[in-house]
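A short worksheet on the structure shown next.
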Amino acid sequence: MLEYDFMRNAFLAGGMVALLAGPVGFFLVLRGQTFAGHALSHVGFAGATGAALLGLAPIDGLVAVTLLGGIGMGLMGGRLQGSDIAIGSVLALSLGLGMLFLHFFTSYATQVTALLFGNVLGVNADTLWMLGIIGALCLLLLAAMSRPLVFASLQPELAEAKGVSLRLISVLFLAIVALATAASIQIVGVLLVFTLMVGPGATAQRLTARLGCGVALAAGLALAQAWLGITLAYYTDWPTSFWISALSVGAYLATVSAQKWRSWR
């Protein structure tokens, strides 16, 4: 399997994205902003198709518009919490705009369709460099702001009283989420990015209450699901996105079932 260049690239890309998506998704679940993170993927799809309409590379529009969307959501601050209807409306509108742009300009239809459903087997060297840079920057920023981020997530009123800027934390964190979402789209696509970003983090929080162990476990679960999904796709000829999604949901359901069983016992 690893004799092929495209498979080696797939494993490298999947590993880099998983090690980013796992920790970011852990904090996303901790802050209760999973729906906002899901909406960012649809905003990115509109950016990718809009860039294609303007004659630019779809990936450039994806990253730029997703980042702007994350910053905009961060500026909303506390108003973002519980605004499911507004976020859902933005999500639906973004996907609709993406399809409209694609209707007017079809030259990039194959690339945009790959963004919609993911195509980890089509990752090239340039994309690997981009994913590596995005992953390194996001993880460094996440590590630098981890203490105030945890403080603001668990005790926002006390954190604000201690001088922590909740809006700045929200903007920086959702900017990281936006970039992690853009990277994850390369692996599982817009429609399934929720599984790679949220599934491992949600599973990790059910397995441990310790913050450090939870972040590490989320990264490990995401990495295992990405690599195992690529392996299963190679041997079954089924889509990689399906296998990663199935493994992510399966792991979460297994932890929920195990906890319910222990409670019943």
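Letters A, B, ... mark the chains of the structure tokens in the order given; residue numbers begin at 1 per chain; ligand numbers begin at 1, in order shown.
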TODO: Would you mind listing what lies within 7 Å of region 194-200 of chain A as a list in words, with only C-alpha atoms counted and same-chain residues fewer than 5 positions away left out?
DONE: Ala21, Gly22, Gly25, Val29, Thr34, His38, Ala218, Leu221, Ala222, Ser245, Ser248, Val249 and Tyr252 of chain A
TODO: Per DSSP on the backbone, filter region 12-82 of chain A down to the residues in alpha helix (DSSP H) and report them as a PyMOL selection string.
DONE: chain A and resi 12-30+34-53+58-76
TODO: Show which residues sit within 8 Å of region 15-19 of chain A, as a VMD selection string. Count only C-alpha atoms, and ignore same-chain residues fewer than 2 positions away.
DONE: chain A and resid 11 to 13 21 to 23 131 to 132 135 180 183 to 184 187 196 219 to 220 222 to 223 226 to 227
Dump as a CSV table (one decimal), in the first residue's frame, selection limited to N, CA and C atoms:
```csv
chain,number,residue,atom,x,y,z
A,11,PHE,N,-1.5,9.4,3.8
A,11,PHE,CA,-1.3,9.2,5.2
A,11,PHE,C,-0.6,10.4,5.9
A,12,LEU,N,0.3,11.1,5.2
A,12,LEU,CA,0.9,12.3,5.8
A,12,LEU,C,-0.2,13.3,6.0
A,13,ALA,N,-1.0,13.6,5.0
A,13,ALA,CA,-2.1,14.6,5.1
A,13,ALA,C,-3.1,14.2,6.2
A,21,ALA,N,-7.0,18.5,14.2
A,21,ALA,CA,-8.5,18.5,14.4
A,21,ALA,C,-8.8,17.9,15.8
A,22,GLY,N,-8.1,17.0,16.2
A,22,GLY,CA,-8.4,16.3,17.5
A,22,GLY,C,-8.4,17.3,18.7
A,23,PRO,N,-7.2,18.0,18.9
A,23,PRO,CA,-7.2,19.0,20.0
A,23,PRO,C,-8.1,20.2,19.8
A,131,LEU,N,-0.9,22.2,4.5
A,131,LEU,CA,-1.5,21.6,5.7
A,131,LEU,C,-0.5,21.6,6.9
A,132,GLY,N,0.8,21.4,6.6
A,132,GLY,CA,1.8,21.4,7.6
A,132,GLY,C,2.0,22.7,8.2
A,135,GLY,N,-1.2,23.5,10.3
A,135,GLY,CA,-1.3,22.7,11.5
A,135,GLY,C,-0.3,23.2,12.5
A,180,ALA,N,-8.5,25.0,11.1
A,180,ALA,CA,-8.6,23.5,11.2
A,180,ALA,C,-9.7,22.9,10.4
A,183,ALA,N,-8.5,22.8,6.8
A,183,ALA,CA,-7.6,21.6,6.6
A,183,ALA,C,-8.4,20.3,6.6
A,184,SER,N,-9.4,20.2,7.5
A,184,SER,CA,-10.1,18.9,7.6
A,184,SER,C,-10.9,18.7,6.3
A,187,ILE,N,-9.7,16.3,3.8
A,187,ILE,CA,-9.7,14.9,4.1
A,187,ILE,C,-11.1,14.3,4.0
A,196,LEU,N,-14.8,14.4,11.9
A,196,LEU,CA,-13.3,14.5,12.3
A,196,LEU,C,-13.0,15.6,13.3
A,219,ALA,N,-6.5,13.7,20.1
A,219,ALA,CA,-5.6,13.7,19.0
A,219,ALA,C,-5.3,12.3,18.5
A,220,GLY,N,-5.1,11.4,19.5
A,220,GLY,CA,-4.8,10.0,19.2
A,220,GLY,C,-6.0,9.3,18.5
A,222,ALA,N,-8.4,10.8,16.7
A,222,ALA,CA,-8.5,11.4,15.3
A,222,ALA,C,-7.4,10.7,14.4
A,223,LEU,N,-6.2,10.6,14.9
A,223,LEU,CA,-5.1,10.0,14.1
A,223,LEU,C,-5.5,8.6,13.7
A,226,ALA,N,-8.3,8.4,11.2
A,226,ALA,CA,-7.9,8.9,9.9
A,226,ALA,C,-7.1,7.8,9.2
A,227,TRP,N,-6.1,7.3,9.8
A,227,TRP,CA,-5.2,6.3,9.2
A,227,TRP,C,-5.9,5.0,9.0
```
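Interatomic distance, CA of Asp60 (chain A) to CA of Phe27 (chain A): 26.0 Å.
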Task: Who sits within 9 Å of Gly122 (chain A), only C-alpha atoms, same chain under 2 positions skipped, as a PyMOL selection string - done: chain A and resi 6+9-10+114+119-120+124
Open item on the list: With distances taken over only C-alpha atoms, which residue among A:Gln155, A:Ser170, A:Gln186, A:Ser146 lies nearest Val63 (chain A)?
Closed with: A:Gln186
- [ ] For Gly229 (chain A), please output as number ranges by chain all residues within 9 Å (counting only C-alpha atoms; exclusion window: fewer than 5 positions along the same chain).
- [x] A: 224, 234, 239-247
Please build the interface table for region 162-256 of chain A against region 44-47 of chain A with a cut-off of 12 Å, listing for each qualifying residue the nearest atom pair and the distance in Å to one decimal; count only C-alpha atoms, order rows by chain and increasing number, and write it as a Markdown table.
```
| residue | atom | partner | partner_atom | distance |
| --- | --- | --- | --- | --- |
| A:Val177 | CA | A:Gly44 | CA | 12.0 |
| A:Ala178 | CA | A:Gly44 | CA | 8.6 |
| A:Leu179 | CA | A:Gly44 | CA | 9.9 |
| A:Ala180 | CA | A:Gly44 | CA | 11.5 |
| A:Thr181 | CA | A:Gly44 | CA | 8.5 |
| A:Ala182 | CA | A:Gly44 | CA | 7.0 |
| A:Ala183 | CA | A:Gly44 | CA | 10.6 |
| A:Ser184 | CA | A:Gly44 | CA | 11.2 |
| A:Ile185 | CA | A:Gly44 | CA | 8.9 |
| A:Gln186 | CA | A:Phe45 | CA | 11.4 |
| A:Gly189 | CA | A:Phe45 | CA | 9.3 |
| A:Val190 | CA | A:Phe45 | CA | 6.8 |
| A:Leu191 | CA | A:Phe45 | CA | 9.6 |
| A:Val193 | CA | A:Gly44 | CA | 11.3 |
```
TODO: Record the distance separating CA of Phe173 (chain A) and CA of Gly74 (chain A), expressed in Å with one decimal.
DONE: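 Here the two named atoms are 7.6 Å from each other.
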Open item on the list: So, with only C-alpha atoms as the atoms that count, which of A:Leu168, A:Leu75, A:Glu3, A:Ser94 lies closest to Ala39 (chain A)?
Closed with: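 Closest to Ala39 (chain A) of all the choices is A:Ser94.
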Task: Neighbour list for Ala51 (chain A) as a ChimeraX atom specification, cut-off 10 Å, only C-alpha atoms, skip fewer than 2 positions in-chain - done: /A:45-49,53-62,64-65,101,108
- [ ] Select, from A:Leu121, A:Met76, A:Ala92, A:Leu100, the residue with the minimum atom-to-atom distance to Asp5 (chain A), counting only C-alpha atoms.
- [x]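 Smallest separation from Asp5 (chain A) among the options: A:Leu121.
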Open item on the list: For a quick check of understanding, using only C-alpha atoms, which of A:Gly98, A:Gly201, A:Gly70, A:Gly118 has the smallest distance to His42 (chain A)?
Closed with: A:Gly98
Open item on the list: For a test of reading the model, state the distance in Å between CA of Ile176 (chain A) and CA of Leu67 (chain A), rounded to one decimal.
Closed with: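 Separation between CA of Ile176 (chain A) and CA of Leu67 (chain A): 8.1 Å.
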Open item on the list: What's around Arg147 (chain A) at 12 Å? Count only C-alpha atoms, leave out sequence neighbours fewer than 4 positions away in its own chain, and write the answer as a list of chain:residue names.
Closed with: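 Listed by chain and then number, they are A:Phe27, A:Leu141, A:Leu142, A:Ala143, A:Phe151, A:Ala152, A:Ser153, A:Leu154, A:Gln155, A:Ala159, A:Val164, A:Ile169, A:Leu211, A:Gly212.
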Could the residues in this selection be written to a file with N, CA and C atoms, as a PDB file, in the first residue's frame?
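out_36.pdb, freshly written:
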```
ATOM      1  N   PHE A  27     -11.562  21.264  22.398  1.00  0.00           N
ATOM      2  CA  PHE A  27     -11.943  22.558  22.974  1.00  0.00           C
ATOM      3  C   PHE A  27     -13.260  23.067  22.382  1.00  0.00           C
ATOM      4  N   LEU A 141      -0.412  28.364  18.417  1.00  0.00           N
ATOM      5  CA  LEU A 141      -1.302  29.377  18.970  1.00  0.00           C
ATOM      6  C   LEU A 141      -2.225  28.770  20.015  1.00  0.00           C
ATOM      7  N   LEU A 142      -2.715  27.567  19.760  1.00  0.00           N
ATOM      8  CA  LEU A 142      -3.593  26.897  20.723  1.00  0.00           C
ATOM      9  C   LEU A 142      -2.856  26.608  22.021  1.00  0.00           C
ATOM     10  N   ALA A 143      -1.589  26.177  21.919  1.00  0.00           N
ATOM     11  CA  ALA A 143      -0.805  25.918  23.122  1.00  0.00           C
ATOM     12  C   ALA A 143      -0.538  27.202  23.902  1.00  0.00           C
ATOM     13  N   PHE A 151      -9.803  28.645  31.065  1.00  0.00           N
ATOM     14  CA  PHE A 151     -10.397  29.509  32.093  1.00  0.00           C
ATOM     15  C   PHE A 151     -11.676  30.154  31.559  1.00  0.00           C
ATOM     16  N   ALA A 152     -11.596  30.716  30.351  1.00  0.00           N
ATOM     17  CA  ALA A 152     -12.750  31.391  29.757  1.00  0.00           C
ATOM     18  C   ALA A 152     -13.853  30.413  29.382  1.00  0.00           C
ATOM     19  N   SER A 153     -13.490  29.165  29.099  1.00  0.00           N
ATOM     20  CA  SER A 153     -14.488  28.169  28.704  1.00  0.00           C
ATOM     21  C   SER A 153     -15.260  27.631  29.896  1.00  0.00           C
ATOM     22  N   LEU A 154     -14.557  27.410  31.022  1.00  0.00           N
ATOM     23  CA  LEU A 154     -15.184  26.789  32.184  1.00  0.00           C
ATOM     24  C   LEU A 154     -15.783  27.806  33.150  1.00  0.00           C
ATOM     25  N   GLN A 155     -15.125  28.951  33.302  1.00  0.00           N
ATOM     26  CA  GLN A 155     -15.598  29.979  34.232  1.00  0.00           C
ATOM     27  C   GLN A 155     -15.544  31.343  33.549  1.00  0.00           C
ATOM     28  N   ALA A 159     -13.355  34.557  34.744  1.00  0.00           N
ATOM     29  CA  ALA A 159     -12.239  34.912  33.866  1.00  0.00           C
ATOM     30  C   ALA A 159     -12.315  36.381  33.465  1.00  0.00           C
ATOM     31  N   VAL A 164      -9.451  38.668  31.811  1.00  0.00           N
ATOM     32  CA  VAL A 164      -9.328  37.922  30.559  1.00  0.00           C
ATOM     33  C   VAL A 164     -10.340  38.470  29.557  1.00  0.00           C
ATOM     34  N   ILE A 169     -10.342  36.025  23.213  1.00  0.00           N
ATOM     35  CA  ILE A 169     -10.203  34.574  23.265  1.00  0.00           C
ATOM     36  C   ILE A 169     -11.115  33.925  22.235  1.00  0.00           C
ATOM     37  N   LEU A 211      -7.908  17.243  31.657  1.00  0.00           N
ATOM     38  CA  LEU A 211      -7.770  18.084  30.469  1.00  0.00           C
ATOM     39  C   LEU A 211      -6.635  17.619  29.562  1.00  0.00           C
ATOM     40  N   GLY A 212      -5.450  17.453  30.115  1.00  0.00           N
ATOM     41  CA  GLY A 212      -4.301  17.055  29.301  1.00  0.00           C
ATOM     42  C   GLY A 212      -4.501  15.705  28.644  1.00  0.00           C
TER      43      GLY A 212
END
```
